[in-house]
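So the structure is just underneath, and the comments pick up after that.
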Amino acid sequence: MLRRHARAACTALAAAGMVLAGLQAGSATAAQPSPGTGPNALSAARALGAAEARPELLAAMGRDLGLTRAQAERRLVNEAEAGAAAARLRDRLGGSFAGAWVAGAESGSLTVATTRAADLTAIRAAGAEAALVRHGLPALERAKAALDRAATADAPVRYVDVRANALVVEETRAGAGKRLVAATGVPAELVRVVRSAEAPRPLYDLRGGDAYYMGGGGRCSVGFPVTRGTTQGFATAGHCGRAGQTTSGYNQVAQGSFQASIFPGNDMAWVAANSSWTATPYVKGAGGANVQVTGSVLQPVGASVCRSGSTTGWHCGTIQQHNTSVTYPEGTISGVTRTTVCAEPGDSGGSYISGSQAQGVTSGGSGNCSSGGTTYFQPLNPILSNYGLTLKTTGTDPGPGPGEPEPGGTWKAGTVYAAGATVTYGGSTYRCLQGHQAQAGWEPPNVPALWQRV
């Protein structure tokens, strides 16, 4: 088993070598990392476990994305490296950064957009394609925030489409988008209104495979197992239950209770389990097989993502937009990620995972897994940070060996770091490139995909 995984990892990395060489070498040129990177520094693909995907995950990607197993392996590796390269460029470009996305069956190309012509050379030197656009990401996101405050169910979805360099408003009633833009004073040149039949709703009212049951009735899906101190439990969707509500497991055995819940506004909650239940570092895959979770690094637009839910099981698709706002009948939630993965009622709360990186928990969507649909997930890192939870992951780091001193600094395993956060470690200062929950083995000098020495 271990030997087979090792061969798969080497094969995937070698096969993706041409793309990775451009991104890794170019990223080093663009980001200009300071000397002193740790001797155990890992490539993004190895650090994030992208080259060790389980066969069940690869099979689901093949079914839903039309990929061979080799293509799925290369895609996961390329996406890990592209995410790191895009993060370094975002850090360097600052306010002129206008978004990034991957494309191609194997995510073999990374495009980075900027509002400043002088940035184009640096982007290309990083091994990425460069796009010169009119509007910066900060301006588009400020405009979206203004629309969110005034939105109704007639214009239920708003997001920044970085590929189109526009703020998109989806309307279900003719004229609703135009009226929303006019009422908020957002410049019309920033907005593209599209007609949609989509009517997003939470997905909490039917059953599934690895489900849990709420004491007041209804079913949802377990998201990601977590711990809080010595307490074990799991993260899930806020609309599934309120604080104090009891739960039972897939086997109808008493399980625990909701400790906290937010919905609407966000869609996050966590359940503390009783002593009969143990948190494991796995997501239930096709046929009940375990898919390992090694971290929580959010992947870029265009990246592949798979969902596990109690009604429809494993399904895969791609990330369309981050920081989307959706108005459900119950109210507006912001900061969710829009995907092409299908889902059905009962899948709510379930896991979204890219390779072995936890992405978030199912919030809602439209359509179904027979005809296709659009879904939204609540990113996991804000849940971990908001409730002080630690994601359960596979693998441990032994820490310093005999006689090796602790390096000291402000970096701390278990802390959720957002892009742009700074820490000290071993006498140096580092800036976070990709949001994640820190863990042993991911110390700043060892993971240049996540940290830039400054």
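For the structure tokens, the naming scheme is as follows: chains receive sequential letters (A, B, ...) according to their order of presentation, residues are indexed from 1 within each chain, and ligands are indexed from 1 in presentation order.
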
* Which of range 244-384 of chain A DSSP labels strand (DSSP E), written as a PyMOL selection string -> chain A and resi 246-248+254-262+268-273+282-284+290-292+304-309+313-328+331-339+351-354+357-368+372-379

* With only C-alpha atoms as the atoms that count, which of A:Val423, A:Ile123, A:Val283, A:Cys342 lies nearest to Thr393 in chain A? ->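 Of A:Val423, A:Ile123, A:Val283, A:Cys342, the one nearest Thr393 in chain A, counting only C-alpha atoms, is A:Val283.
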
If you take only C-alpha atoms and a cut-off of 10 Å, which residues of range 282-386 of chain A touch range 81-84 of chain A, and what are their nearest atom pairs and distances in Å to one decimal, in chain and number order, as CSV?
```
residue,atom,partner,partner_atom,distance
A:Val297,CA,A:Gly83,CA,9.2
A:Leu298,CA,A:Gly83,CA,8.6
A:Gln299,CA,A:Gly83,CA,6.2
A:Pro300,CA,A:Gly83,CA,5.8
A:Val301,CA,A:Gly83,CA,9.2
A:Ala303,CA,A:Gly83,CA,8.9
```

Expected file: the selected residues, C-alpha atoms, as a PDB file, in the first residue's frame:
```pdb
ATOM      1  CA  VAL A 297      -5.403  25.234   2.170  1.00  0.00           C
ATOM      2  CA  LEU A 298      -8.117  26.871   0.041  1.00  0.00           C
ATOM      3  CA  GLN A 299      -7.584  26.177  -3.671  1.00  0.00           C
ATOM      4  CA  PRO A 300      -7.786  28.743  -6.522  1.00  0.00           C
ATOM      5  CA  VAL A 301     -10.586  29.485  -8.974  1.00  0.00           C
ATOM      6  CA  ALA A 303      -9.364  24.069  -9.304  1.00  0.00           C
TER       7      ALA A 303
END
```

All residues 9 Å or closer to Asp161 in chain A, only C-alpha atoms, same chain fewer than 3 positions away omitted, as a compact mmCIF listing (two decimals) with C-alpha atoms, in the first residue's frame:
```txt
# COMPACT_ATOMS: atom_id res chain seq x y z
CA GLY A 99 -7.37 37.65 -9.44
CA ALA A 164 -14.38 38.27 -16.73
CA ASN A 165 -13.08 41.06 -14.46
CA ALA A 166 -16.65 41.90 -13.52
CA LEU A 167 -19.09 41.85 -10.63
CA VAL A 168 -21.87 39.45 -11.63
CA GLN A 320 -16.09 28.92 -9.83
CA GLN A 321 -15.78 31.93 -7.50
CA HIS A 322 -14.72 32.62 -3.94
```

* To do: Identify, on the basis of only C-alpha atoms, every residue whose closest approach to range 57-73 of chain A does not exceed 7 Å; exclude the query and any residue fewer than 6 positions from it along the same chain; express the result as a list in words.
  => Ala12, Ala51, Glu106, Gly285, Trp314, His315, Cys316 and Gly317 of chain A

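The spacing separating CA of Ala87 in chain A from CA of Ala269 in chain A amounts to 28.5 Å.
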
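One distance worth recording is that between CA of Arg142 in chain A and CA of Thr324 in chain A, which is 12.6 Å.
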
* Selection: 7 Å around Thr374 in chain A, only C-alpha atoms, excl. self and same-chain fewer than 4 positions, as a list in words ->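 The filter keeps Thr339, Thr340, Val341, Cys342, Gly365, Ser366 and Gly367 of chain A.
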
* To do: Counting only C-alpha atoms, figure out which residue out of A:Gly331, A:Gly360, A:Gly295, A:Gly241 gets nearest to Val416 in chain A.
  =>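 That would be A:Gly295, the residue with the smallest distance to Val416 in chain A.
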
* Choose the residue, out of A:Asn40, A:Thr318, A:Thr184, A:Thr390, that has the smallest atom-to-atom separation from Glu443 in chain A; count only C-alpha atoms. =>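 Nearest to Glu443 in chain A: A:Asn40.
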
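The smallest atom-to-atom distance between Ile262 in chain A and any of A:Gln232, A:Thr332, A:Gln434, A:Thr247, using only C-alpha atoms, is found for A:Thr332.
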
* **Residue with smallest distance to Ala174 in chain A - pool A:Ala440, A:Ala197, A:Val186, A:Thr312, counting only C-alpha atoms** =>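 The closest residue to Ala174 in chain A is A:Ala197.
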